[in-house]
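One structure is given below, encoded as structure tokens.
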Amino acid sequence: MTLDTPPNADAKERQTSYGAPHGSDPQRPVHGGHPPARRRSLVLRLIVTIIVLGLLGVALYGFNTFKNKAISDYFANNKPPPTPVAVAEASVRNVAKYLTSIGTLAASRQVVVAPEVAGRVLQIPFESGARVKAGDPLVQLNDATEQAELLALKAQARLAELNLDRARDLRRSQATPQSSVDQYQAQLDEINANIKRNQATIAQKLIKAPFEGELGIRQVNVGDYVSPGATLVTLTDLSRLYVNFTLPEQTLNALSIGQKVLINSDAVTGRDFEAQITTIEPQVSAETRSIKVQATMDNTARLLRPGMFANVRVVLPPVANALTVPETAVDYTVYGDSVFVVGSEKTQDGKDQLVANRRPVKVGDRAENQVEIREGLKPGERVVISGQLKLSNGAAVSLAESNPLVPPSTLPKN
């Protein structure tokens, strides 16, 4: 009898025979399906990613190139307008030369009024700040005791004169010796000396102004007891002032008595006062190697006061035919002094354009808002005197209608 094979047994055998690799164990399970297809999918994805990244890089490079070109074209075709500046020509003139210094004003006559003797104040016939003449009474001290002593001494003097006259009459008649006459004469001389001493004490108790001037603030009141040397008031002669200043020893040969000096002070702006050198210290200071100089100036208008700070300029012979520019034209830096010179250049379209170029210069003395240019400029060249902060070398400029650095003639009122 023949057994029939199960219908699915043959199928399982075929599945096992076809699904397992050649030479493998038919009992080992097979995983992964079809490996070559998965590898092809991964390679394809990698290629697509590389292509996309490449396209993005090319697009970014093209965008940056386009942006840079657009910016360059914008700035090339949109130049800023010319900078307005004020200019001035370099001119030839005589330049004044000075020796500059810092000085202090002092009164030609100034004293502290003080008593020579002690006493109680009876009268003060002056007001603080008043102007007085020489000999005007300032303070009266109590002199009642001295006045009484003076009366007694004058009485003794009259008696001594009578005794002397009698002795002389007797001497003529040989009734008395010469020694008696001499004795009475000595008594009279002694009394007269005491009178003069008493009068001097009385005069010392009436304190007077030694010279004409202006009084300060009084330091005493009526009834105060003052000692010798106590400060009563100050007296200052403001009609003439001294200007004391120093200069380096190298300037000694340039100084002389009577030389003109210009003085200005912050207390009186916009005005120079004239003075003359009256004293040059014969010795040079060993510590500072400088010379002390004193000038005298007239101050009848009483605009300046002792103790004020003063800018001093000793006038020297001027420099002839010096090239000068306004002081605001020079740019002072640690790398050197320079100016912006304005000239004309041709543009790409053939038009004339004013441009400013920086040029180094060598400066000299300064006077009256002008600077001497010793090297770097020629007469007639135009230099920028305002607006330099906005300029660079070769910048286009235009001429401003007015100089903003010049103050207006009238200032606005609040």
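Chain labels run A, B, ... following the order of the structure tokens; each chain numbers its residues from 1, and ligands are numbered from 1 in the order shown.
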Surrounding residues of segment 247-258 of chain A excluding itself and chain neighbours under 2 positions, 12 Å, only C-alpha atoms, as a ChimeraX atom specification
/A:97-103,244-245,260-261,274-297,312-317
Output N, CA and C atoms of each residue in that selection to a file, as a compact mmCIF listing (two decimals), in the first residue's frame.
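Output (result.txt):
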```txt
# COMPACT_ATOMS: atom_id res chain seq x y z
N LYS A 97 56.93 139.04 17.30
CA LYS A 97 57.53 137.99 18.14
C LYS A 97 57.49 138.43 19.60
N TYR A 98 57.26 137.45 20.47
CA TYR A 98 57.13 137.75 21.89
C TYR A 98 57.88 136.69 22.71
N LEU A 99 58.24 137.11 23.91
CA LEU A 99 58.67 136.17 24.95
C LEU A 99 57.52 136.07 25.94
N THR A 100 56.92 134.91 26.03
CA THR A 100 55.72 134.76 26.86
C THR A 100 56.08 134.22 28.24
N SER A 101 55.28 134.63 29.22
CA SER A 101 55.49 134.17 30.59
C SER A 101 54.19 134.39 31.37
N ILE A 102 54.20 133.90 32.58
CA ILE A 102 53.09 134.08 33.52
C ILE A 102 53.57 134.97 34.65
N GLY A 103 52.80 136.04 34.93
CA GLY A 103 53.22 136.99 35.95
C GLY A 103 52.17 137.22 36.99
N ASN A 244 55.49 141.18 38.06
CA ASN A 244 56.65 140.33 38.35
C ASN A 244 56.50 139.01 37.60
N PHE A 245 57.52 138.63 36.83
CA PHE A 245 57.49 137.38 36.07
C PHE A 245 58.91 136.87 35.89
N LYS A 260 59.19 147.17 25.87
CA LYS A 260 57.74 147.14 25.94
C LYS A 260 57.23 145.76 26.31
N VAL A 261 56.21 145.73 27.16
CA VAL A 261 55.60 144.48 27.61
C VAL A 261 54.09 144.63 27.50
N GLU A 274 49.76 148.03 28.44
CA GLU A 274 51.18 148.22 28.16
C GLU A 274 51.95 148.47 29.45
N ALA A 275 53.15 147.92 29.48
CA ALA A 275 54.06 148.14 30.60
C ALA A 275 55.47 148.24 30.04
N GLN A 276 56.40 148.60 30.90
CA GLN A 276 57.81 148.70 30.52
C GLN A 276 58.67 148.00 31.56
N ILE A 277 59.69 147.31 31.08
CA ILE A 277 60.61 146.64 32.00
C ILE A 277 61.41 147.70 32.75
N THR A 278 61.35 147.63 34.06
CA THR A 278 62.06 148.61 34.89
C THR A 278 63.20 147.97 35.69
N THR A 279 63.12 146.65 35.93
CA THR A 279 64.16 145.98 36.72
C THR A 279 64.40 144.59 36.17
N ILE A 280 65.67 144.24 36.02
CA ILE A 280 66.07 142.87 35.65
C ILE A 280 66.99 142.37 36.75
N GLU A 281 66.57 141.29 37.40
CA GLU A 281 67.37 140.74 38.49
C GLU A 281 68.78 140.41 38.00
N PRO A 282 69.81 140.91 38.68
CA PRO A 282 71.18 140.64 38.20
C PRO A 282 71.62 139.20 38.37
N GLN A 283 70.94 138.43 39.19
CA GLN A 283 71.33 137.05 39.43
C GLN A 283 70.34 136.09 38.78
N VAL A 284 70.84 134.98 38.28
CA VAL A 284 70.02 133.92 37.71
C VAL A 284 69.77 132.88 38.80
N SER A 285 68.53 132.45 38.93
CA SER A 285 68.20 131.47 39.96
C SER A 285 68.91 130.15 39.69
N ALA A 286 69.64 129.67 40.69
CA ALA A 286 70.36 128.40 40.53
C ALA A 286 69.42 127.21 40.52
N GLU A 287 68.23 127.34 41.09
CA GLU A 287 67.29 126.21 41.13
C GLU A 287 66.53 126.07 39.82
N THR A 288 66.05 127.18 39.27
CA THR A 288 65.22 127.11 38.07
C THR A 288 65.92 127.61 36.80
N ARG A 289 67.12 128.18 36.93
CA ARG A 289 67.85 128.74 35.79
C ARG A 289 66.99 129.77 35.05
N SER A 290 66.33 130.61 35.82
CA SER A 290 65.46 131.63 35.24
C SER A 290 65.82 133.00 35.80
N ILE A 291 65.33 134.03 35.12
CA ILE A 291 65.62 135.42 35.48
C ILE A 291 64.34 136.07 35.97
N LYS A 292 64.43 136.79 37.08
CA LYS A 292 63.29 137.55 37.57
C LYS A 292 63.28 138.92 36.91
N VAL A 293 62.12 139.28 36.39
CA VAL A 293 61.96 140.55 35.68
C VAL A 293 60.77 141.27 36.28
N GLN A 294 60.87 142.60 36.38
CA GLN A 294 59.77 143.42 36.88
C GLN A 294 59.48 144.53 35.88
N ALA A 295 58.22 144.63 35.53
CA ALA A 295 57.76 145.70 34.64
C ALA A 295 56.79 146.59 35.41
N THR A 296 56.71 147.84 35.00
CA THR A 296 55.84 148.82 35.66
C THR A 296 54.80 149.29 34.66
N MET A 297 53.55 149.37 35.12
CA MET A 297 52.46 149.78 34.24
C MET A 297 51.59 150.82 34.93
N VAL A 312 51.90 137.55 30.25
CA VAL A 312 52.93 138.53 29.93
C VAL A 312 53.54 138.19 28.57
N ARG A 313 53.68 139.22 27.72
CA ARG A 313 54.36 139.07 26.43
C ARG A 313 55.37 140.19 26.27
N VAL A 314 56.63 139.84 26.29
CA VAL A 314 57.69 140.81 26.07
C VAL A 314 57.87 140.98 24.56
N VAL A 315 57.71 142.20 24.09
CA VAL A 315 57.73 142.47 22.66
C VAL A 315 59.17 142.42 22.13
N LEU A 316 59.36 141.62 21.05
CA LEU A 316 60.65 141.52 20.38
C LEU A 316 60.53 142.10 18.97
N PRO A 317 61.63 142.35 18.28
CA PRO A 317 61.54 142.84 16.90
C PRO A 317 60.77 141.85 16.02
```
In segment 111-297 of chain A, what's strand (DSSP E or B) per DSSP? Answer as a count of residues only?
70
Might you pull out every residue within 9 Å of segment 355-361 of chain A, with only C-alpha atoms counted and same-chain residues fewer than 3 positions away left off, and present them as a ChimeraX atom specification?
/A:82,330,336-345,373-377,383-384,391-398
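Between atom CA of Val233 of chain A and atom CA of Ser108 of chain A the interatomic distance comes to 17.5 Å.
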Can I get the residues of segment 150-269 of chain A within 8 Å of segment 112-127 of chain A, each with the closest pair of atoms and their distance in Å to one decimal, using only C-alpha atoms, sorted chain first then ascending number, as JSON lines?
```
{"residue": "A:Thr201", "atom": "CA", "partner": "A:Val117", "partner_atom": "CA", "distance": 7.9}
{"residue": "A:Gln204", "atom": "CA", "partner": "A:Glu116", "partner_atom": "CA", "distance": 6.4}
{"residue": "A:Lys205", "atom": "CA", "partner": "A:Val117", "partner_atom": "CA", "distance": 6.9}
{"residue": "A:Ile207", "atom": "CA", "partner": "A:Pro115", "partner_atom": "CA", "distance": 6.8}
{"residue": "A:Ala209", "atom": "CA", "partner": "A:Val113", "partner_atom": "CA", "distance": 7.9}
{"residue": "A:Arg218", "atom": "CA", "partner": "A:Glu127", "partner_atom": "CA", "distance": 7.8}
{"residue": "A:Asn221", "atom": "CA", "partner": "A:Val121", "partner_atom": "CA", "distance": 7.2}
{"residue": "A:Val222", "atom": "CA", "partner": "A:Val121", "partner_atom": "CA", "distance": 5.2}
{"residue": "A:Gly223", "atom": "CA", "partner": "A:Val121", "partner_atom": "CA", "distance": 5.0}
{"residue": "A:Asp224", "atom": "CA", "partner": "A:Val121", "partner_atom": "CA", "distance": 5.5}
{"residue": "A:Tyr225", "atom": "CA", "partner": "A:Arg120", "partner_atom": "CA", "distance": 4.2}
{"residue": "A:Val226", "atom": "CA", "partner": "A:Ala118", "partner_atom": "CA", "distance": 5.6}
{"residue": "A:Ser227", "atom": "CA", "partner": "A:Ala118", "partner_atom": "CA", "distance": 4.4}
{"residue": "A:Pro228", "atom": "CA", "partner": "A:Val117", "partner_atom": "CA", "distance": 4.9}
{"residue": "A:Gly229", "atom": "CA", "partner": "A:Ala114", "partner_atom": "CA", "distance": 5.0}
{"residue": "A:Ala230", "atom": "CA", "partner": "A:Ala114", "partner_atom": "CA", "distance": 5.4}
{"residue": "A:Thr231", "atom": "CA", "partner": "A:Ala114", "partner_atom": "CA", "distance": 5.1}
{"residue": "A:Leu232", "atom": "CA", "partner": "A:Ala114", "partner_atom": "CA", "distance": 5.5}
{"residue": "A:Val233", "atom": "CA", "partner": "A:Val113", "partner_atom": "CA", "distance": 5.4}
{"residue": "A:Thr234", "atom": "CA", "partner": "A:Val112", "partner_atom": "CA", "distance": 4.5}
{"residue": "A:Leu235", "atom": "CA", "partner": "A:Val112", "partner_atom": "CA", "distance": 6.3}
```
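Distances from A:Leu150, A:Ala96, A:Val319, A:Val52 to Ala193 of chain A were compared using only C-alpha atoms, and the smallest one belongs to A:Leu150.
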Figure out the distance between atom CA of Leu399 of chain A and atom CA of Glu89 of chain A, please, to one decimal in Å.
12.9 Å
